[in-house]
Every structure is written in structure tokens, then in C-alpha cells.
$ cat entry24.cif   # mmCIF, C-alpha atoms
data_run
loop_
_atom_site.label_atom_id
_atom_site.label_comp_id
_atom_site.auth_asym_id
_atom_site.auth_seq_id
_atom_site.Cartn_x
_atom_site.Cartn_y
_atom_site.Cartn_z
CA MET A 1 224.72 -26.00 -108.72
CA GLY A 2 224.03 -23.40 -106.07
CA LYS A 3 220.53 -24.63 -105.62
CA GLY A 4 221.64 -28.21 -105.13
CA PRO A 5 223.65 -27.91 -101.91
CA PHE A 6 221.30 -25.28 -100.50
CA SER A 7 218.30 -27.56 -101.00
CA PHE A 8 220.30 -30.52 -99.60
CA ARG A 9 220.99 -28.63 -96.38
CA ARG A 10 217.31 -27.86 -95.89
CA SER A 11 216.22 -31.43 -96.46
CA SER A 12 218.87 -32.79 -94.10
CA SER A 13 217.95 -30.38 -91.34
CA ARG A 14 214.29 -31.27 -91.62
CA ARG A 15 214.96 -35.00 -91.56
CA ARG A 16 217.53 -35.08 -88.77
CA ARG A 17 215.47 -33.23 -86.14
CA PRO A 18 212.50 -35.66 -85.66
CA LYS A 19 214.55 -38.87 -85.88
CA PRO A 20 216.95 -38.54 -82.90
CA THR A 21 214.37 -37.02 -80.58
CA THR A 22 211.52 -39.52 -81.06
CA VAL A 23 212.80 -42.83 -82.43
CA PRO A 24 216.11 -43.92 -80.87
CA GLN A 25 215.71 -42.78 -77.26
CA PRO A 26 212.50 -44.54 -75.96
CA PRO A 27 213.15 -48.17 -76.95
CA THR A 28 216.49 -48.66 -75.22
CA PRO A 29 216.10 -47.62 -71.52
CA PRO A 30 212.50 -48.68 -70.68
CA PRO A 31 212.65 -52.41 -71.60
CA ILE A 32 215.88 -52.86 -69.63
CA GLY A 33 214.42 -51.25 -66.53
CA ALA A 34 211.11 -53.06 -66.95
CA ALA A 35 212.81 -56.38 -67.37
CA SER A 36 214.99 -55.87 -64.33
CA SER A 37 212.10 -54.73 -62.15
CA SER A 38 209.55 -57.28 -63.30
CA SER A 39 211.78 -60.35 -63.47
CA PRO A 40 212.38 -60.86 -59.70
CA PRO A 41 208.72 -60.91 -58.52
CA PRO A 42 207.46 -63.93 -60.50
CA PRO A 43 209.68 -66.54 -58.83
CA SER A 44 208.87 -65.18 -55.37
CA ALA A 45 205.14 -65.18 -56.16
CA GLY A 46 205.30 -68.74 -57.45
CA ASN A 47 206.71 -70.11 -54.22
CA LEU A 48 204.65 -71.76 -51.49
CA ILE A 49 202.32 -69.55 -49.54
CA CYS A 50 202.87 -71.31 -46.23
CA GLY A 51 205.78 -68.97 -45.45
CA GLY A 52 203.94 -65.77 -46.07
CA GLY A 53 205.89 -62.67 -47.25
CA GLY A 54 207.19 -61.46 -50.57
CA GLY A 55 210.18 -59.49 -51.78
CA GLY A 56 208.75 -56.05 -52.52
CA VAL A 57 205.56 -54.16 -53.10
CA GLY A 58 204.78 -55.91 -56.40
CA ALA A 59 205.61 -59.30 -54.91
CA ALA A 60 203.37 -58.63 -51.92
CA GLY A 61 200.48 -57.77 -54.22
CA LYS A 62 200.98 -60.97 -56.19
CA GLY A 63 201.37 -62.91 -52.96
CA LYS A 64 197.94 -61.71 -51.92
CA LYS A 65 196.49 -62.92 -55.20
CA LYS A 66 198.13 -66.29 -54.72
CA ALA A 67 196.99 -66.48 -51.11
CA ALA A 68 193.44 -65.90 -52.26
CA GLY A 69 193.63 -69.01 -54.48
CA ALA A 70 195.56 -71.14 -51.97
CA ARG A 71 193.83 -73.72 -49.81
CA LEU A 72 194.77 -75.44 -46.60
CA TRP A 73 196.29 -78.92 -46.91
CA MET A 74 197.83 -81.37 -44.48
CA ARG A 75 200.82 -83.37 -45.63
CA PHE A 76 201.68 -86.84 -44.30
CA ASP A 77 204.81 -88.70 -45.31
CA THR A 78 205.51 -92.42 -45.08
CA MET A 79 206.85 -92.06 -41.52
CA GLY A 80 203.64 -90.43 -40.28
CA VAL A 81 205.13 -86.93 -39.96
CA SER A 82 202.47 -84.30 -40.67
CA GLU A 83 202.44 -80.57 -41.32
CA LEU A 84 199.89 -77.94 -42.29
CA VAL A 85 200.66 -76.14 -45.55
CA GLU A 86 198.92 -73.82 -47.97
CA TYR A 87 199.22 -74.74 -51.64
CA ASP A 88 197.67 -73.19 -54.70
CA LYS A 89 196.49 -75.17 -57.70
CA SER A 90 199.69 -74.82 -59.70
CA THR A 91 201.80 -76.07 -56.82
CA ILE A 92 199.56 -79.11 -56.33
CA ILE A 93 199.63 -79.88 -60.04
CA LYS A 94 203.44 -79.74 -60.14
CA ARG A 95 203.90 -81.61 -56.87
CA ALA A 96 201.52 -84.50 -57.57
CA ALA A 97 201.79 -84.51 -61.39
CA ILE A 98 198.04 -84.56 -61.89
CA PRO A 99 195.92 -82.69 -64.47
CA ALA A 100 194.04 -79.58 -63.46
CA ARG A 101 190.64 -81.21 -63.99
CA ASP A 102 191.33 -83.62 -61.11
CA LEU A 103 191.33 -80.69 -58.70
CA ARG A 104 187.74 -79.92 -59.69
CA ILE A 105 186.77 -83.35 -58.36
CA LEU A 106 188.05 -82.26 -54.96
CA GLY A 107 186.05 -79.04 -55.11
CA PRO A 108 182.79 -78.21 -53.32
CA VAL A 109 180.67 -79.12 -56.36
CA PHE A 110 181.44 -82.82 -55.82
CA SER A 111 181.04 -82.65 -52.05
CA HIS A 112 179.29 -86.00 -51.58
CA SER A 113 180.57 -87.81 -54.65
CA SER A 114 182.85 -90.84 -54.51
CA THR A 115 185.74 -91.13 -56.94
CA ILE A 116 189.08 -92.95 -56.90
CA LEU A 117 191.27 -91.97 -59.86
CA ALA A 118 194.66 -93.44 -60.75
CA ARG A 119 197.27 -91.22 -62.35
CA GLU A 120 200.89 -91.78 -63.31
CA LYS A 121 202.38 -90.73 -59.95
CA ALA A 122 199.35 -90.07 -57.75
CA MET A 123 195.94 -91.32 -56.73
CA VAL A 124 193.05 -88.86 -56.35
CA VAL A 125 190.68 -89.95 -53.58
CA ASN A 126 187.30 -88.31 -53.09
CA LEU A 127 185.26 -90.39 -50.65
CA GLU A 128 182.45 -88.47 -48.98
CA PHE A 129 184.20 -85.84 -46.85
CA ILE A 130 187.74 -87.22 -47.44
CA LYS A 131 189.49 -85.43 -50.27
CA ALA A 132 193.13 -86.40 -50.67
CA ILE A 133 195.92 -86.81 -53.18
CA VAL A 134 198.08 -89.86 -52.47
CA THR A 135 201.51 -90.54 -53.91
CA ALA A 136 204.07 -93.23 -53.18
CA GLU A 137 205.83 -90.95 -50.68
CA GLU A 138 203.16 -88.67 -49.17
CA VAL A 139 199.48 -87.87 -48.89
CA LEU A 140 197.93 -84.40 -49.15
CA ILE A 141 194.59 -83.95 -47.36
CA LEU A 142 192.33 -81.05 -48.29
CA ASP A 143 190.62 -79.04 -45.50
CA PRO A 144 192.02 -81.16 -42.66
CA LEU A 145 190.44 -79.04 -39.91
CA GLN A 146 186.87 -80.03 -40.71
CA HIS A 147 185.06 -82.03 -38.07
CA GLU A 148 184.58 -85.13 -40.21
CA VAL A 149 188.13 -85.07 -41.61
CA LEU A 150 189.72 -84.87 -38.15
CA GLN A 151 188.89 -88.53 -37.54
CA PHE A 152 190.72 -89.50 -40.71
CA VAL A 153 193.71 -87.37 -39.68
CA ASP A 154 193.79 -88.99 -36.23
CA GLN A 155 193.72 -92.47 -37.76
CA LEU A 156 196.64 -91.58 -40.02
CA ARG A 157 198.61 -90.28 -37.05
CA GLN A 158 197.94 -93.44 -35.08
CA GLN A 159 198.47 -96.09 -37.75
CA LEU A 160 201.11 -94.78 -40.14
CA PRO A 161 203.98 -94.54 -37.60
CA HIS A 162 203.37 -98.12 -36.40
CA LYS A 163 203.23 -99.55 -39.91
CA SER A 164 206.31 -97.64 -41.04
CA ALA A 165 208.21 -98.77 -37.93
CA PHE A 166 207.22 -102.37 -38.67
CA LYS A 167 208.44 -102.04 -42.24
CA MET A 168 211.73 -100.49 -41.11
CA GLN A 169 212.20 -103.33 -38.61
CA GLY A 170 211.47 -105.92 -41.30
CA ALA A 171 213.89 -104.30 -43.69
CA GLY A 172 216.56 -104.20 -40.98
CA THR A 173 216.26 -107.91 -40.32
CA VAL A 174 216.59 -108.63 -44.01
CA ASP A 175 219.76 -106.52 -44.23
CA ALA A 176 221.27 -108.18 -41.16
CA ASN A 177 220.44 -111.78 -41.95
CA ASP A 178 221.28 -112.01 -45.63
CA SER A 179 223.83 -109.76 -47.24
CA GLU A 180 223.34 -111.49 -50.59
CA MET A 181 219.79 -110.22 -50.96
CA HIS A 182 220.86 -106.90 -52.47
CA VAL A 183 222.53 -105.88 -55.70
CA SER A 184 224.73 -102.81 -55.95
CA THR A 185 224.03 -100.77 -59.09
CA GLY A 186 225.77 -97.47 -59.34
CA GLY A 187 225.88 -96.81 -55.59
CA GLN A 188 222.23 -97.86 -54.97
CA TRP A 189 221.26 -101.12 -53.32
CA LEU A 190 218.23 -102.79 -54.84
CA PRO A 191 216.39 -105.77 -53.30
CA VAL A 192 216.16 -108.94 -55.31
CA PRO A 193 212.80 -110.77 -55.58
CA GLU A 194 213.43 -112.99 -52.54
CA ALA A 195 213.99 -109.94 -50.35
CA MET A 196 211.02 -108.15 -51.86
CA GLU A 197 208.73 -110.95 -50.68
CA GLY A 198 209.57 -110.12 -47.08
CA LEU A 199 209.12 -106.39 -47.62
CA GLN A 200 205.79 -106.71 -49.40
CA CYS A 201 204.04 -108.55 -46.59
CA GLU A 202 202.72 -105.12 -45.62
CA LEU A 203 200.57 -103.06 -47.93
CA PRO A 204 202.20 -100.18 -49.83
CA PHE A 205 201.85 -96.69 -48.47
CA GLU A 206 199.10 -95.65 -50.89
CA PHE A 207 197.01 -98.70 -49.98
CA GLN A 208 197.50 -98.05 -46.29
CA VAL A 209 196.08 -94.55 -46.77
CA LEU A 210 193.26 -95.91 -48.95
CA GLU A 211 192.44 -98.55 -46.34
CA ILE A 212 192.27 -95.96 -43.57
CA ALA A 213 190.08 -93.73 -45.74
CA LEU A 214 187.69 -96.56 -46.54
CA GLU A 215 187.61 -97.59 -42.90
CA VAL A 216 186.72 -94.08 -41.76
CA VAL A 217 184.08 -93.63 -44.45
CA CYS A 218 182.51 -97.05 -43.84
CA SER A 219 182.43 -96.50 -40.08
CA PHE A 220 180.86 -93.08 -40.61
CA LEU A 221 178.19 -94.55 -42.87
CA ASP A 222 177.55 -97.40 -40.43
CA LYS A 223 177.14 -94.91 -37.63
CA SER A 224 174.72 -92.86 -39.71
CA VAL A 225 172.69 -95.97 -40.53
CA ALA A 226 172.62 -96.98 -36.85
CA GLU A 227 171.32 -93.54 -35.89
CA LEU A 228 168.74 -93.76 -38.65
CA GLU A 229 167.55 -97.15 -37.41
CA ARG A 230 167.37 -95.89 -33.84
CA ASP A 231 165.19 -92.97 -34.90
CA ALA A 232 163.14 -94.79 -37.54
CA TYR A 233 161.50 -97.68 -35.71
CA PRO A 234 159.88 -95.66 -32.85
CA VAL A 235 158.54 -93.08 -35.32
CA LEU A 236 157.08 -95.78 -37.55
CA ASP A 237 155.48 -97.61 -34.62
CA GLU A 238 153.94 -94.37 -33.44
CA LEU A 239 152.55 -93.75 -36.91
CA ALA A 240 151.04 -97.23 -36.99
CA ARG A 241 149.27 -96.53 -33.68
CA ASN A 242 148.16 -93.00 -34.45
CA VAL A 243 147.90 -91.61 -37.97
CA SER A 244 148.32 -87.87 -37.54
CA THR A 245 149.83 -84.99 -39.47
CA LYS A 246 152.75 -84.70 -37.05
CA ASN A 247 153.66 -88.39 -37.34
CA LEU A 248 153.34 -88.27 -41.11
CA GLU A 249 155.72 -85.30 -41.23
CA HIS A 250 158.27 -87.20 -39.14
CA VAL A 251 158.08 -90.18 -41.46
CA ARG A 252 158.45 -87.93 -44.51
CA SER A 253 161.65 -86.35 -43.19
CA LEU A 254 162.91 -89.78 -42.14
CA LYS A 255 162.33 -91.19 -45.61
CA SER A 256 164.14 -88.27 -47.27
CA ASN A 257 167.16 -88.77 -44.98
CA LEU A 258 167.12 -92.47 -45.79
CA THR A 259 167.08 -91.78 -49.52
CA ARG A 260 170.05 -89.41 -49.27
CA LEU A 261 172.01 -91.85 -47.12
CA LEU A 262 171.27 -94.72 -49.49
CA ALA A 263 172.53 -92.63 -52.41
CA ARG A 264 175.79 -91.87 -50.59
CA VAL A 265 176.38 -95.51 -49.70
CA GLN A 266 175.52 -96.54 -53.23
CA LYS A 267 178.07 -94.11 -54.70
CA VAL A 268 180.94 -95.51 -52.62
CA ARG A 269 179.83 -99.06 -53.33
CA ASP A 270 179.57 -98.45 -57.07
CA GLU A 271 183.04 -96.87 -57.17
CA ILE A 272 184.60 -99.88 -55.44
CA GLU A 273 182.67 -102.23 -57.69
CA HIS A 274 183.91 -100.32 -60.74
CA LEU A 275 187.51 -100.80 -59.60
CA LEU A 276 186.96 -104.50 -58.88
CA ASP A 277 185.60 -105.05 -62.37
CA ASP A 278 188.67 -103.57 -64.07
CA ASN A 279 192.08 -105.08 -63.29
CA GLU A 280 193.84 -102.45 -65.37
CA ASP A 281 192.51 -99.64 -63.16
CA MET A 282 193.56 -101.54 -60.05
CA GLY A 283 197.03 -102.07 -61.52
CA GLN A 284 197.38 -98.32 -62.07
CA LEU A 285 196.78 -97.74 -58.36
CA TYR A 286 200.05 -99.52 -57.43
CA LEU A 287 202.06 -96.32 -57.12
CA THR A 288 204.86 -97.84 -55.04
CA ARG A 289 205.34 -100.66 -57.52
CA LYS A 290 205.57 -98.21 -60.41
CA TRP A 291 207.99 -96.10 -58.37
CA ILE A 292 210.19 -99.16 -57.66
CA GLN A 293 210.13 -100.13 -61.32
CA ASN A 294 211.22 -96.65 -62.33
CA GLN A 295 213.98 -96.61 -59.72
CA GLN A 296 215.24 -100.06 -60.76
CA SER A 297 215.19 -99.22 -64.46
CA GLU A 298 217.05 -95.96 -63.82
CA ALA A 299 219.56 -97.73 -61.55
CA LEU A 300 220.18 -100.52 -64.05
CA LEU A 301 220.56 -98.00 -66.85
CA GLY A 302 223.03 -96.00 -64.77
CA ALA A 303 224.92 -99.17 -63.93
CA ALA A 304 225.19 -100.06 -67.61
CA VAL A 305 226.47 -96.60 -68.46
CA SER A 306 229.03 -96.56 -65.65
CA ASN A 307 230.29 -100.07 -66.54
CA SER A 308 229.58 -101.51 -63.07
CA ILE A 309 228.81 -105.01 -64.33
CA SER A 310 232.09 -106.27 -62.86
CA THR A 311 231.13 -105.15 -59.36
CA ILE A 312 227.82 -106.98 -59.67
CA SER A 313 229.55 -110.22 -60.67
CA LEU A 314 232.02 -109.91 -57.77
CA ARG A 315 229.38 -109.35 -55.09
CA LEU A 316 226.91 -111.96 -56.31
CA PRO A 317 228.61 -114.65 -58.33
CA ARG A 318 225.55 -116.89 -58.17
CA LEU A 319 223.32 -114.36 -59.96
CA GLY A 320 223.24 -114.95 -63.69
CA SER A 321 221.95 -112.75 -66.42
CA ASN A 322 218.44 -114.16 -66.11
CA ARG A 323 218.45 -113.54 -62.33
CA SER A 324 219.58 -109.92 -62.70
CA ALA A 325 217.09 -109.28 -65.47
CA SER A 326 214.31 -110.52 -63.23
CA LEU A 327 214.77 -107.48 -60.95
CA VAL A 328 212.44 -105.46 -63.12
CA SER A 329 210.17 -108.22 -64.45
CA SER A 330 209.82 -110.29 -61.27
CA HIS A 331 206.51 -111.72 -60.11
CA ASN A 332 206.48 -109.34 -57.17
CA LEU A 333 206.45 -106.34 -59.53
CA ASP A 334 204.06 -107.85 -62.05
CA ASP A 335 201.56 -105.32 -63.35
CA ASP A 336 198.82 -107.94 -63.48
CA ASP A 337 199.18 -108.90 -59.81
CA VAL A 338 196.37 -106.99 -58.08
CA GLU A 339 195.48 -109.57 -55.45
CA ASP A 340 196.30 -107.36 -52.44
CA LEU A 341 194.19 -104.46 -53.64
CA GLU A 342 191.41 -106.77 -54.74
CA MET A 343 191.21 -108.37 -51.30
CA LEU A 344 191.24 -104.94 -49.67
CA LEU A 345 188.46 -103.59 -51.87
CA GLU A 346 186.37 -106.75 -51.57
CA ALA A 347 186.41 -106.51 -47.77
CA TYR A 348 185.05 -102.97 -47.76
CA PHE A 349 182.69 -103.77 -50.63
CA MET A 350 181.10 -106.46 -48.49
CA GLN A 351 180.91 -104.05 -45.56
CA LEU A 352 179.22 -101.42 -47.71
CA ASP A 353 176.91 -104.05 -49.10
CA GLY A 354 175.86 -104.93 -45.55
CA THR A 355 175.29 -101.25 -44.78
CA ARG A 356 173.19 -100.95 -47.92
CA ASN A 357 171.14 -103.98 -46.89
CA LYS A 358 170.44 -102.34 -43.52
CA ILE A 359 169.16 -99.23 -45.26
CA LEU A 360 167.03 -101.34 -47.57
CA SER A 361 165.57 -103.20 -44.59
CA VAL A 362 164.63 -99.88 -42.99
CA ARG A 363 163.06 -98.77 -46.25
CA GLU A 364 161.10 -102.02 -46.46
CA TYR A 365 159.88 -101.44 -42.92
CA ILE A 366 158.80 -97.94 -43.94
CA ASP A 367 156.99 -99.35 -46.97
CA ASP A 368 155.25 -101.95 -44.80
CA THR A 369 154.20 -99.25 -42.36
CA GLU A 370 152.89 -97.12 -45.21
CA ASP A 371 150.90 -100.09 -46.53
CA TYR A 372 149.47 -100.70 -43.07
CA VAL A 373 148.53 -97.02 -42.71
CA ASN A 374 146.93 -97.07 -46.16
CA ILE A 375 144.92 -100.11 -45.17
CA GLN A 376 143.75 -98.32 -42.06
CA LEU A 377 142.81 -95.26 -44.06
CA ASP A 378 140.97 -97.39 -46.61
CA ASN A 379 139.06 -99.10 -43.83
CA GLN A 380 138.05 -95.78 -42.33
CA ARG A 381 137.08 -94.54 -45.78
CA ASN A 382 134.88 -97.61 -46.29
CA GLU A 383 133.23 -97.07 -42.91
CA LEU A 384 132.50 -93.48 -43.87
CA ILE A 385 130.98 -94.64 -47.16
CA GLN A 386 128.78 -97.15 -45.31
CA LEU A 387 127.65 -94.47 -42.89
CA GLN A 388 126.89 -92.16 -45.77
CA LEU A 389 124.84 -94.89 -47.48
CA THR A 390 122.87 -95.58 -44.28
CA LEU A 391 122.11 -91.89 -43.82
CA THR A 392 121.06 -91.64 -47.44
CA ILE A 393 118.55 -94.52 -46.97
CA ALA A 394 117.19 -92.87 -43.82
CA SER A 395 116.88 -89.55 -45.61
CA PHE A 396 114.94 -91.24 -48.39
CA ALA A 397 112.47 -92.79 -45.92
CA ILE A 398 111.97 -89.48 -44.13
CA ALA A 399 111.51 -87.74 -47.46
CA VAL A 400 108.62 -90.10 -48.28
CA GLU A 401 106.89 -89.20 -45.01
CA THR A 402 107.51 -85.52 -45.64
CA LEU A 403 106.00 -85.85 -49.09
CA ILE A 404 102.80 -87.38 -47.71
CA ALA A 405 102.58 -84.72 -45.02
CA GLY A 406 103.03 -82.05 -47.66
CA TRP A 407 100.16 -83.44 -49.68
CA PHE A 408 97.81 -83.27 -46.77
CA GLY A 409 99.03 -79.82 -45.83
CA MET A 410 97.40 -78.35 -48.93
CA ASN A 411 93.83 -77.05 -48.87
CA ILE A 412 92.37 -80.09 -50.60
CA PRO A 413 88.84 -81.16 -49.67
CA CYS A 414 88.98 -84.57 -47.96
CA THR A 415 86.53 -86.52 -45.75
CA LEU A 416 89.33 -87.46 -43.32
CA TYR A 417 89.40 -83.93 -42.02
CA ASN A 418 85.93 -84.38 -40.47
CA ARG A 419 86.85 -87.51 -38.48
CA ASN A 420 87.94 -87.19 -34.88
CA GLY A 421 91.22 -88.89 -33.75
CA ILE A 422 92.37 -89.58 -37.30
CA PHE A 423 95.55 -87.45 -36.99
CA GLU A 424 97.42 -89.74 -34.62
CA ILE A 425 96.47 -92.84 -36.54
CA PHE A 426 97.48 -91.29 -39.88
CA VAL A 427 100.83 -89.94 -38.65
CA GLY A 428 101.68 -93.23 -36.95
CA GLY A 429 100.77 -95.16 -40.06
CA ILE A 430 102.92 -93.18 -42.45
CA THR A 431 105.82 -93.19 -39.95
CA ALA A 432 105.61 -96.96 -39.68
CA GLY A 433 105.53 -97.19 -43.45
CA CYS A 434 108.67 -95.05 -43.73
CA VAL A 435 110.44 -97.23 -41.19
CA LEU A 436 109.50 -100.31 -43.20
CA ILE A 437 110.86 -98.66 -46.36
CA PHE A 438 114.15 -97.88 -44.53
CA LEU A 439 114.51 -101.45 -43.26
CA PHE A 440 113.68 -102.89 -46.65
CA ILE A 441 116.31 -100.81 -48.47
CA LEU A 442 118.86 -101.44 -45.72
CA GLY A 443 118.29 -105.20 -45.94
CA TYR A 444 118.66 -105.04 -49.70
CA ALA A 445 122.00 -103.19 -49.34
CA ARG A 446 123.26 -105.81 -46.91
CA TRP A 447 122.07 -108.58 -49.20
CA LYS A 448 124.07 -107.01 -52.03
CA LYS A 449 127.04 -106.63 -49.58
CA LEU A 450 127.05 -102.88 -49.99
CA LEU A 451 127.11 -102.56 -46.20
CA GLY A 452 129.12 -104.52 -43.66
CA SER A 453 127.44 -106.83 -41.20
#

$ encode --input "entry24.cif" --output "C-alpha cells"
Amino acid sequence: MGKGPFSFRRSSSRRRRPKPTTVPQPPTPPPIGAASSSSPPPPSAGNLICGGGGGGVGAAGKGKKKAAGARLWMRFDTMGVSELVEYDKSTIIKRAAIPARDLRILGPVFSHSSTILAREKAMVVNLEFIKAIVTAEEVLILDPLQHEVLQFVDQLRQQLPHKSAFKMQGAGTVDANDSEMHVSTGGQWLPVPEAMEGLQCELPFEFQVLEIALEVVCSFLDKSVAELERDAYPVLDELARNVSTKNLEHVRSLKSNLTRLLARVQKVRDEIEHLLDDNEDMGQLYLTRKWIQNQQSEALLGAAVSNSISTISLRLPRLGSNRSASLVSSHNLDDDDVEDLEMLLEAYFMQLDGTRNKILSVREYIDDTEDYVNIQLDNQRNELIQLQLTLTIASFAIAVETLIAGWFGMNIPCTLYNRNGIFEIFVGGITAGCVLIFLFILGYARWKKLLGS
């Protein structure tokens, strides 16, 4: 029994020393301090970068990382008020409710591509140099300080305030003239279909932005085509007059520019044609209509929950159940009604088709000029061949005379050597014979139409 407690004391002393010093102390203080020090920086780093600073050294470091990924945007609302902001990708994705892959379409890889994508709450527009994200309440323009984009920004500043003022004036007249055109649902006033007809005489905000974008792009392409035509015709006429290396180089560069411009016009035209062929895609572009439908459904649901049916019957006794149900499923908010957008796209499709026809006419003129130059070169080549054939016939005749002279140049015994005055007669005779051989072969070549007259 003496060994039992003595051995128990040794084992307890050996086991109690490493446990309190190594195991219990480290886990408790560090995670609390780490959580308290690391939890504040993430929300400050996730904010917008347009304001600038952070809330500490760690937040400033993360702010720099965010600023490196942020890009310059210009925001326009429905009233035409604009501001320059810096948003990163995550902020844009949350703000516009678009997938991350749509931001790649607005990147530099697709610089001259043309794409119009419809999402649930936004429309991604990539037309030439215009890269924007349009919602029912605002438009975000990427890189607004570029030279080409400034024209689009100026058009938005000029046209959006006037159109929004017109819509506010129209809505004011509707409110003043007919107080029965609105239904109160849970504190929100919703227009009935008759009032919506007056408000929808103007295009929705997203279509106004799309129209301005198409107008700027089409005018830019028309201007480029006009400059191409102004430079093309003098260069082609000069090439037709004088075929030289310098003129051929000018035409080569002109044709490459024409091919690139035709491809850009064709991309925009094909994108509009793709939208015109699919009514479902055009219906998805009605962002304001979808927003109104969501607002009306939420308002009607809130009215049903708050038991405000009695207030509706008191304010509008003439509206029955079918009339109130038509607020959401009216013909003005029909998903299949895409006539406004179809007319808008058809107008610019015809304009782009005319621009494309101008480019094709210039290309046909270039092809005609190339054919004319090839005909000239073929004619000159034929003249060179005829000259070469004539010189070959003459060389053959002279070779015959040289052959005869070579024969008599040898030391061959002949009686003609002893006659006086025979040299001139002999040389004249063989020369005349060679001339007759030349004329005979030349006449034969003309008879066979190997030489021109």
C-alpha cells in the first residue's frame, strides 16, 4: 500500500505539468482578439470606393486592393442627374443584379462587339464604344471620359431631363383631371389601365437610353462611312489613271478599313435583327413593365394582408373585381406587347441597313476599279508578249543571215572568192532574204491572230 500512493503522486505530477501550460491557455485569448480585430475591416472594405478612405491600417490596405479592381462609372437616374462613381465588380453585381459573366462582355476583350442582353432587373448594352448597364431607375456607363463616350453622355444630359419633365407634366395632368384614375392599396396609389395609357405615350426609361445609344452609334457609323466615301473615290480614280505602287498601297489600306467598318456595322445590325426575330427576348427588355408588375403585385398582396378592401370599395365604387384584377393583367402590361420596342429597333435596323448598303456600294466601286486595273495590266501584258514575239521573229531572221556569214567565214575553197565585186551583191542578197523571212513569219503570225493589227 505504500507503493500505491507514492506512485500515484508521481504520475499525477507528471501529467498535470504539461496540460495547463500548453493546452488550455492558447485557444481562449487569440481567437477573441483576432475576431474583434478582423471583423471591422471587411464591411469598410466592401463599401464603395468613390469616398476613398478606410478605418485603419488593415482597412486601408484592403481599400487599395479594392481600388485596384474598381473602374470609373457614370450614373444617370430617370431625372437626368449624373455623378461619377467608382464601383468594383461585386458592387455592380449586387446593384444591377446581373451575373459576373456579363461584366466580361463589357471588358476590353469585346471592345468592338455588339451585344444587348436582357436580365431580370437590368439590360447589358455593349454597342461599339458604349458599354452600359441599364435598369428601370438608372443607367451605369463604363469609362465615361473616353472621347467617343462623351457624345453619348452629352446626349443623355440633353434628352433625359426633357423627357422626364414631360412625363412628370403628363402625370400631373392625369392626377389633376381625374381623381378616379388611381386605386389606393396599402398607402400606395397605383394607376389603372386608363391612366396608364396616358403615361405610356412616352417610351420607358430603359428604351430612352437604348434609343440614345443606338442613335449615337448609328450616327458614328454613318460619319465613318461618309469619311470613307470621301477618301475612297479620289484614291480609286487616281489608281485608274495611274497604276503605281503608291496608289495600290492606298487602295489596300482603304480596303482593309472598309472591311473592318463593314464588320462593325454588320455586328450591330445582326444583334438588332436577332432581337427582332425573338419576341421573348424583346419582352424581357421591358424593365419598367416588369418593375410595375412587381410593385402592383406587392401592393395588392399588402392590401390583402392589411384588409384594405373596404377602402378600395369606398373610393372607387364603380370598380368591380374584374376591373381591380386587371391592374396586373391589363393590356398595357401584357408581356407579349413589344410593339414599341419593335418599332424602335426596326427604325435603326433600316438605318444600319442603309449604312451597310453604302459600304457595299463603295466595295463594289473598289471591285470595279480593280477589274479595270486588271484589264489594263492584262492589255499591257499582251502588248509585251506581242513585242517579244516580234523581236523573236527578227532574231530568227538575223540568225539565218549570221549562219550564212559564218559558213563563208571558214577557210573553204570557193570560186566566189576570186570574183571582184561579189561581196556587196552577196551580203545584200542574204540580207534581203532575211528580211523576206521576217516579213513572211510576221504575216503568218498576224494571219493566225497571234499579233494585233

$ resolve_selection --input "entry24.cif" --expression "the PyMOL selection byres ((chain A and resi 73-90) around 6)" --output "list in words"
Ile49, Cys50, Gly69, Ala70, Arg71, Leu72, Thr91, Ile92, Ile93, Glu137, Glu138, Val139, Leu140, Ile141, Leu142, Asp143, Arg157, Leu160, Pro161 and Ser164 of chain A

$ residues_around --input "entry24.cif" --residues "A:Val124" --least-positions-apart "4" --cutoff "7 Å" --atoms "all atoms listed in the file" --output "list in words"
Ile116, Leu117, Ala118, Ala132, Ile133 and Val134 of chain A

$ resolve_selection --input "entry24.cif" --expression "the PyMOL selection byres ((chain A and resi 290) around 9)" --output "PyMOL selection string"
chain A and resi 120-121+136+284+286-289+291-295+333+335

$ atom_distance --input "entry24.cif" --atom1 "atom CA of A:Ile272" --atom2 "atom CA of A:Phe349"
6.5 Å

$ atom_distance --input "entry24.cif" --atom1 "atom CA of A:Gln376" --atom2 "atom CA of A:Glu249"
17.7 Å

$ atom_distance --input "entry24.cif" --atom1 "atom CA of A:Gln386" --atom2 "atom CA of A:Leu451"
5.7 Å

$ resolve_selection --input "entry24.cif" --expression "the PyMOL selection byres ((chain A and resi 259-264) around 10)" --output "VMD selection string"
chain A and resid 112 to 114 127 to 128 221 224 to 225 228 253 to 258 265 to 270 355 to 360 363

$ residues_around --input "entry24.cif" --residues "A:Ala213" --least-positions-apart "2" --cutoff "12 Å" --atoms "all atoms listed in the file" --output "VMD selection string"
chain A and resid 114 116 125 to 134 139 141 148 to 156 159 206 to 211 215 to 220 268 344 to 345 348

$ closest_residue --input "entry24.cif" --among "A:Leu352, A:Val251, A:Leu384, A:Ala100" --to "A:Glu238" --atoms "all atoms listed in the file"
A:Val251

$ residues_near_point --input "entry24.cif" --point "(198.7, -103.5, -58.2)" --cutoff "6 Å" --atoms "only C-alpha atoms" --output "ChimeraX atom specification"
/A:282-283,286,337-338
